[in-house]
Structure formats: C-alpha cells, structure tokens
file protein_33.txt (compact mmCIF, C-alpha atoms)
# COMPACT_ATOMS: atom_id res chain seq x y z
CA GLU A 1 124.51 82.86 107.19
CA ALA A 2 120.77 83.48 107.28
CA GLY A 3 119.67 86.96 108.21
CA VAL A 4 116.83 88.04 110.44
CA THR A 5 113.55 86.69 109.13
CA GLN A 6 110.04 87.88 109.88
CA PHE A 7 106.66 86.38 109.25
CA PRO A 8 104.28 87.29 107.77
CA SER A 9 105.56 89.89 105.35
CA HIS A 10 102.11 91.47 105.16
CA SER A 11 99.02 91.21 107.30
CA VAL A 12 95.65 92.86 106.81
CA ILE A 13 93.22 92.52 109.68
CA GLU A 14 90.12 94.22 110.92
CA LYS A 15 89.96 96.42 113.96
CA GLY A 16 89.43 94.31 117.04
CA GLN A 17 91.13 91.23 115.66
CA THR A 18 94.35 89.68 116.92
CA VAL A 19 97.59 89.39 115.00
CA THR A 20 100.83 87.67 115.94
CA LEU A 21 104.07 88.63 114.28
CA ARG A 22 107.10 86.39 114.39
CA CYS A 23 110.80 87.15 114.27
CA ASP A 24 113.68 84.73 113.92
CA PRO A 25 116.97 86.45 114.76
CA ILE A 26 120.36 85.57 113.38
CA SER A 27 121.51 82.37 115.02
CA GLY A 28 123.55 83.08 118.13
CA HIS A 29 122.34 86.64 118.57
CA ASP A 30 121.20 87.07 122.15
CA ASN A 31 119.87 90.59 121.64
CA LEU A 32 116.54 90.92 119.88
CA TYR A 33 114.66 94.16 119.31
CA TRP A 34 111.26 95.14 118.03
CA TYR A 35 110.68 98.46 116.27
CA ARG A 36 107.72 100.03 114.53
CA ARG A 37 107.41 102.60 111.78
CA VAL A 38 104.06 104.30 111.43
CA MET A 39 103.52 105.98 108.06
CA GLY A 40 105.26 109.30 107.81
CA LYS A 41 107.02 108.88 111.15
CA GLU A 42 110.39 107.67 112.28
CA ILE A 43 111.24 104.12 113.27
CA LYS A 44 110.55 103.77 116.98
CA PHE A 45 111.92 101.33 119.50
CA LEU A 46 109.40 99.02 121.14
CA LEU A 47 111.40 96.62 123.25
CA HIS A 48 114.63 94.72 123.72
CA PHE A 49 115.18 91.09 124.74
CA VAL A 50 118.40 89.63 126.00
CA LYS A 51 117.90 85.94 125.45
CA GLU A 52 114.44 85.27 126.89
CA SER A 53 114.41 88.25 129.27
CA LYS A 54 112.84 91.59 128.53
CA GLN A 55 115.65 94.09 129.04
CA ASP A 56 113.72 97.21 128.14
CA GLU A 57 110.08 97.46 127.12
CA SER A 58 109.75 101.21 127.56
CA GLY A 59 108.66 101.69 123.96
CA MET A 60 105.64 99.39 124.05
CA PRO A 61 102.67 101.65 123.33
CA ASN A 62 100.11 100.00 125.61
CA ASN A 63 98.98 96.70 127.08
CA ARG A 64 97.45 95.56 123.82
CA PHE A 65 100.95 94.62 122.76
CA LEU A 66 102.60 91.50 124.15
CA ALA A 67 106.06 90.30 123.19
CA GLU A 68 107.54 86.96 124.10
CA ARG A 69 110.77 85.14 123.44
CA THR A 70 110.40 81.75 125.02
CA GLY A 71 113.62 79.78 124.96
CA GLY A 72 115.60 82.77 123.85
CA THR A 73 115.33 82.00 120.14
CA TYR A 74 112.50 83.39 118.05
CA SER A 75 110.18 86.09 119.30
CA THR A 76 106.52 86.88 118.80
CA LEU A 77 104.71 90.18 119.05
CA LYS A 78 100.97 89.92 119.56
CA VAL A 79 98.56 92.78 119.11
CA GLN A 80 95.20 92.16 120.74
CA PRO A 81 92.81 93.76 119.98
CA ALA A 82 94.24 95.65 117.04
CA GLU A 83 93.34 99.31 116.51
CA LEU A 84 93.61 101.43 113.38
CA GLU A 85 96.63 103.31 114.74
CA ASP A 86 98.56 100.05 115.02
CA SER A 87 99.03 100.02 111.25
CA GLY A 88 102.64 100.32 110.20
CA VAL A 89 105.76 98.31 109.53
CA TYR A 90 107.09 96.24 112.41
CA PHE A 91 110.79 95.54 112.24
CA CYS A 92 112.75 93.05 114.25
CA ALA A 93 116.50 93.34 114.69
CA SER A 94 119.16 91.28 116.41
CA SER A 95 122.71 91.76 117.55
CA GLN A 96 125.44 89.76 119.20
CA VAL A 97 125.91 89.72 122.93
CA GLY A 98 127.90 92.76 124.05
CA ASN A 99 127.23 94.57 120.77
CA LEU A 100 124.14 96.72 121.13
CA TYR A 101 124.97 98.92 118.20
CA GLU A 102 125.46 96.79 115.13
CA GLN A 103 121.91 95.63 114.74
CA TYR A 104 120.75 93.58 111.79
CA PHE A 105 117.20 94.23 110.74
CA GLY A 106 114.65 91.87 109.30
CA PRO A 107 112.55 92.82 106.25
CA GLY A 108 109.64 93.86 108.43
CA THR A 109 105.98 92.95 108.65
CA ARG A 110 103.61 95.43 107.09
CA LEU A 111 100.47 95.48 109.23
CA THR A 112 97.29 97.12 108.00
CA VAL A 113 94.35 97.40 110.37
CA THR A 114 91.09 98.30 108.62
CA ARG B 1 110.99 118.51 119.74
CA LYS B 2 112.15 115.30 118.08
CA GLU B 3 115.15 113.54 119.57
CA VAL B 4 116.78 113.25 116.14
CA GLU B 5 116.00 115.75 113.40
CA GLN B 6 116.75 115.42 109.71
CA ASP B 7 115.77 117.27 106.58
CA PRO B 8 113.44 114.80 104.83
CA GLY B 9 114.51 115.96 101.36
CA PRO B 10 114.35 114.67 98.72
CA PHE B 11 117.79 115.65 97.58
CA ASN B 12 117.92 115.34 93.80
CA VAL B 13 121.48 115.17 92.48
CA PRO B 14 123.11 114.06 89.23
CA GLU B 15 125.52 111.17 89.08
CA GLY B 16 128.98 112.19 90.18
CA ALA B 17 127.79 114.97 92.45
CA THR B 18 128.78 115.43 96.06
CA VAL B 19 125.92 115.62 98.53
CA ALA B 20 125.82 116.21 102.26
CA PHE B 21 123.17 115.39 104.83
CA ASN B 22 122.91 116.83 108.29
CA CYS B 23 121.28 115.66 111.45
CA THR B 24 120.88 117.15 114.91
CA TYR B 25 120.11 115.35 118.15
CA SER B 26 118.62 116.79 121.29
CA ASN B 27 119.98 114.62 124.07
CA SER B 28 123.51 115.56 125.02
CA ALA B 29 123.87 112.21 126.82
CA SER B 30 123.73 110.37 123.50
CA GLN B 31 126.69 108.10 123.28
CA SER B 32 127.00 106.60 119.84
CA PHE B 33 125.97 107.69 116.39
CA PHE B 34 125.27 105.92 113.13
CA TRP B 35 124.05 106.32 109.61
CA TYR B 36 121.72 103.64 108.32
CA ARG B 37 120.55 103.27 104.75
CA GLN B 38 117.04 102.16 103.86
CA ASP B 39 115.95 101.28 100.35
CA CYS B 40 112.30 101.62 99.43
CA ARG B 41 110.18 99.03 101.29
CA LYS B 42 113.29 97.34 102.63
CA GLU B 43 114.86 97.08 106.06
CA PRO B 44 117.39 99.60 107.41
CA LYS B 45 121.01 98.56 107.05
CA LEU B 46 123.95 99.97 108.94
CA LEU B 47 126.00 102.17 106.62
CA MET B 48 128.60 103.39 109.07
CA SER B 49 129.23 104.40 112.63
CA VAL B 50 130.20 107.99 113.33
CA TYR B 51 133.22 108.71 115.48
CA SER B 52 134.24 111.94 117.16
CA SER B 53 137.33 112.23 115.01
CA GLY B 54 135.33 111.75 111.83
CA ASN B 55 135.61 108.68 109.68
CA GLU B 56 135.62 107.72 106.05
CA ASP B 57 134.54 104.61 104.20
CA GLY B 58 135.22 104.87 100.51
CA ARG B 59 133.05 107.62 99.08
CA PHE B 60 131.30 108.18 102.41
CA THR B 61 132.52 110.49 105.16
CA ALA B 62 130.79 110.91 108.50
CA GLN B 63 131.46 113.61 111.05
CA LEU B 64 130.28 114.34 114.55
CA ASN B 65 130.23 117.62 116.41
CA ARG B 66 129.31 116.89 120.03
CA ALA B 67 129.36 120.55 121.06
CA SER B 68 126.72 121.41 118.47
CA GLN B 69 125.02 117.99 118.69
CA TYR B 70 125.31 117.66 114.95
CA ILE B 71 126.13 114.74 112.68
CA SER B 72 126.83 114.83 108.96
CA LEU B 73 127.21 112.41 106.09
CA LEU B 74 129.03 113.34 102.90
CA ILE B 75 128.73 111.24 99.76
CA ARG B 76 131.21 111.91 97.00
CA ASP B 77 130.89 110.87 93.35
CA SER B 78 127.24 109.84 93.77
CA LYS B 79 126.10 106.66 92.04
CA LEU B 80 122.62 105.74 90.89
CA SER B 81 122.74 102.95 93.49
CA ASP B 82 123.12 105.51 96.27
CA SER B 83 119.46 106.45 95.83
CA ALA B 84 117.87 105.56 99.15
CA THR B 85 116.76 107.05 102.44
CA TYR B 86 119.56 107.79 104.88
CA LEU B 87 118.64 107.47 108.53
CA CYS B 88 120.51 109.28 111.27
CA VAL B 89 120.55 107.10 114.38
CA VAL B 90 121.62 107.87 117.91
CA ASN B 91 122.24 105.48 120.76
CA LEU B 92 120.50 106.84 123.82
CA MET B 93 120.74 105.77 127.41
CA ASN B 94 117.21 105.51 128.77
CA THR B 95 116.59 104.69 132.44
CA GLY B 96 119.72 102.60 132.53
CA PHE B 97 119.12 100.89 129.21
CA GLN B 98 120.47 101.76 125.82
CA LYS B 99 118.30 102.03 122.74
CA LEU B 100 118.58 103.31 119.19
CA VAL B 101 116.66 106.45 118.29
CA PHE B 102 116.03 107.07 114.60
CA GLY B 103 115.49 110.21 112.60
CA THR B 104 112.80 110.19 109.93
CA GLY B 105 115.43 109.95 107.23
CA THR B 106 116.67 112.00 104.31
CA ARG B 107 115.73 110.78 100.86
CA LEU B 108 118.37 110.89 98.14
CA LEU B 109 117.61 110.54 94.45
CA VAL B 110 120.59 110.25 92.12
CA SER B 111 119.72 110.72 88.47
CA PRO B 112 121.70 109.87 85.30

call {"tool": "encode", "arguments": {"input": "protein_33.txt", "output": "structure tokens"}}
result
Amino acid sequence: EAGVTQFPSHSVIEKGQTVTLRCDPISGHDNLYWYRRVMGKEIKFLLHFVKESKQDESGMPNNRFLAERTGGTYSTLKVQPAELEDSGVYFCASSQVGNLYEQYFGPGTRLTVT
Amino acid sequence: RKEVEQDPGPFNVPEGATVAFNCTYSNSASQSFFWYRQDCRKEPKLLMSVYSSGNEDGRFTAQLNRASQYISLLIRDSKLSDSATYLCVVNLMNTGFQKLVFGTGTRLLVSP
C-alpha cells in the first residue's frame, strides 16, 4: 500500500512569490492534516480535513495560507505571497475515518523562502 | 509555556544501554498520548501509544502519570538503529476539535 506522498520534496522561492504544495493521502483515508516545522521549533498543526471539509483550521498562521481538498482526495496548500518566516518543512498526514490518532505522515516538503 | 516540553538532548549512550526520556504536558484536558520517532530529514512515525496503565512493546516501555502530567519512554538494550529523535505527542481537544500537539523532540545517539 502506498504511503502519504508529497510534492515537491523541496522548493526554493523568493519572498513575494507563490508556492503550492500537494499531498496525496493514503487511499481511503478521510482525515488529512497539514503540519509545519519551522527550524528549531516543534511540529505545529495547521489544519484538518475530513473528506473535502475543513474540520479545524485553527493552526493556519494567516490568510496568506489557503488549503483545499476538492473531491476529498489530494490536498493542496498554497502560500501567497510567501514571506521569509514561512520557511520550514510542511508535513501532510492522513488517518482512517474514526481514527484521529494513528496518523501516517508524508516525507514533507522543505520550503525555503529567500 | 510550551504545551509539551521535552529535554532536547542529545542523549549519547553506548549500545546495550538503557535510556529514558521524559515529557511533560501543560493541558490537563489532554486525552491521548504518543511517542513518535523521527529520523534525520524524515517524517515522524508512530512508535507507540501511551496508556494509563503503562505499556510495553519489545524493548520499549511507555508510562503515563496523569496526576503529574508526565510521560516517559524507556528503551532497553539500545541498538545503533535506535538513533533518532523521539517526539512526545499529546492529543488535545481544542474548541471542540481534536489535534495532535508535538514536543520539540529528544535526540538519541547510540554509539558502538
């Protein structure tokens, strides 16, 4: 069974540009989560989808971040315009319906904003 | 104050040693507790859940003390392959929704 995949693995962009990160969860997993780890800090929750609906987006830092999950399959996280402090590793995770705890993480996208 | 606090380490131990990591959490409403393992530049992976009665999985033993809001992980007979960062993770109810809250991790280095 394929795990959670994320694309791209690395992205280097300039301040003010736009970047879109993609996450493909494990097939059949209705729960999809986005997390971010800024250098030297802990992994922090950004938001949680159940199928195509945003269940909890309390961790989204500001309105420069937009997450979508059209059709309830893959998800995208767009940062527009990117700022220096957005640099970090963005992880996506998924879990089965009814199981919020056993989350399977993707390899992450390392975003560098210069 | 951080919601989940861990000693960042690193803990340097020889092969075969026993090592213990501790973690404290600030929110008494936390419901579930986990240890995740993260290898360098890799994704976190669930190592084990932590139950109130304590639980063991091979060389790994996890314990929870709700009164003290304290979680521990004990690794016996350390292997070189145990070298990694161990993340203490708490499931927190937030405005009606549940989310995972991570500690910064404790780094373990097992040497020959």

call {"tool": "closest_atom_pairs", "arguments": {"input": "protein_33.txt", "of": "range 1-28 of chain B", "to": "range 82-85 of chain B", "cutoff": "12 Å", "atoms": "all atoms listed in the file", "output": "Markdown table"}}
result
| residue | atom | partner | partner_atom | distance |
| --- | --- | --- | --- | --- |
| B:Gln6 | CA | B:Thr85 | CA | 11.1 |
| B:Asp7 | CA | B:Thr85 | CA | 11.1 |
| B:Pro8 | CA | B:Thr85 | CA | 8.8 |
| B:Gly9 | CA | B:Thr85 | CA | 9.3 |
| B:Pro10 | CA | B:Thr85 | CA | 8.8 |
| B:Phe11 | CA | B:Ser83 | CA | 9.5 |
| B:Asn12 | CA | B:Ser83 | CA | 9.2 |
| B:Val13 | CA | B:Ser83 | CA | 9.6 |
| B:Pro14 | CA | B:Ser83 | CA | 10.7 |
| B:Glu15 | CA | B:Asp82 | CA | 9.5 |
| B:Gly16 | CA | B:Asp82 | CA | 10.8 |
| B:Ala17 | CA | B:Asp82 | CA | 11.2 |
| B:Thr18 | CA | B:Asp82 | CA | 11.4 |
| B:Val19 | CA | B:Asp82 | CA | 10.7 |
| B:Phe21 | CA | B:Thr85 | CA | 10.8 |

call {"tool": "closest_residue", "arguments": {"input": "protein_33.txt", "among": "A:Tyr90, A:Phe65, A:Ala82, A:Arg110", "to": "Lys44 in chain A", "atoms": "all atoms listed in the file"}}
result
A:Tyr90

call {"tool": "atom_distance", "arguments": {"input": "protein_33.txt", "atom1": "CA of Ser72 in chain B", "atom2": "CA of Ser32 in chain B"}}
result
13.6 Å

call {"tool": "residues_near_point", "arguments": {"input": "protein_33.txt", "point": "(92.5, 91.7, 113.3)", "cutoff": "9 Å", "atoms": "all atoms listed in the file", "output": "PyMOL selection string"}}
result
chain A and resi 11-19+79-83+112-114

call {"tool": "closest_residue", "arguments": {"input": "protein_33.txt", "among": "A:Met60, A:Leu77, A:Leu47, A:Leu66", "to": "Asn31 in chain A", "atoms": "only C-alpha atoms"}}
result
A:Leu47
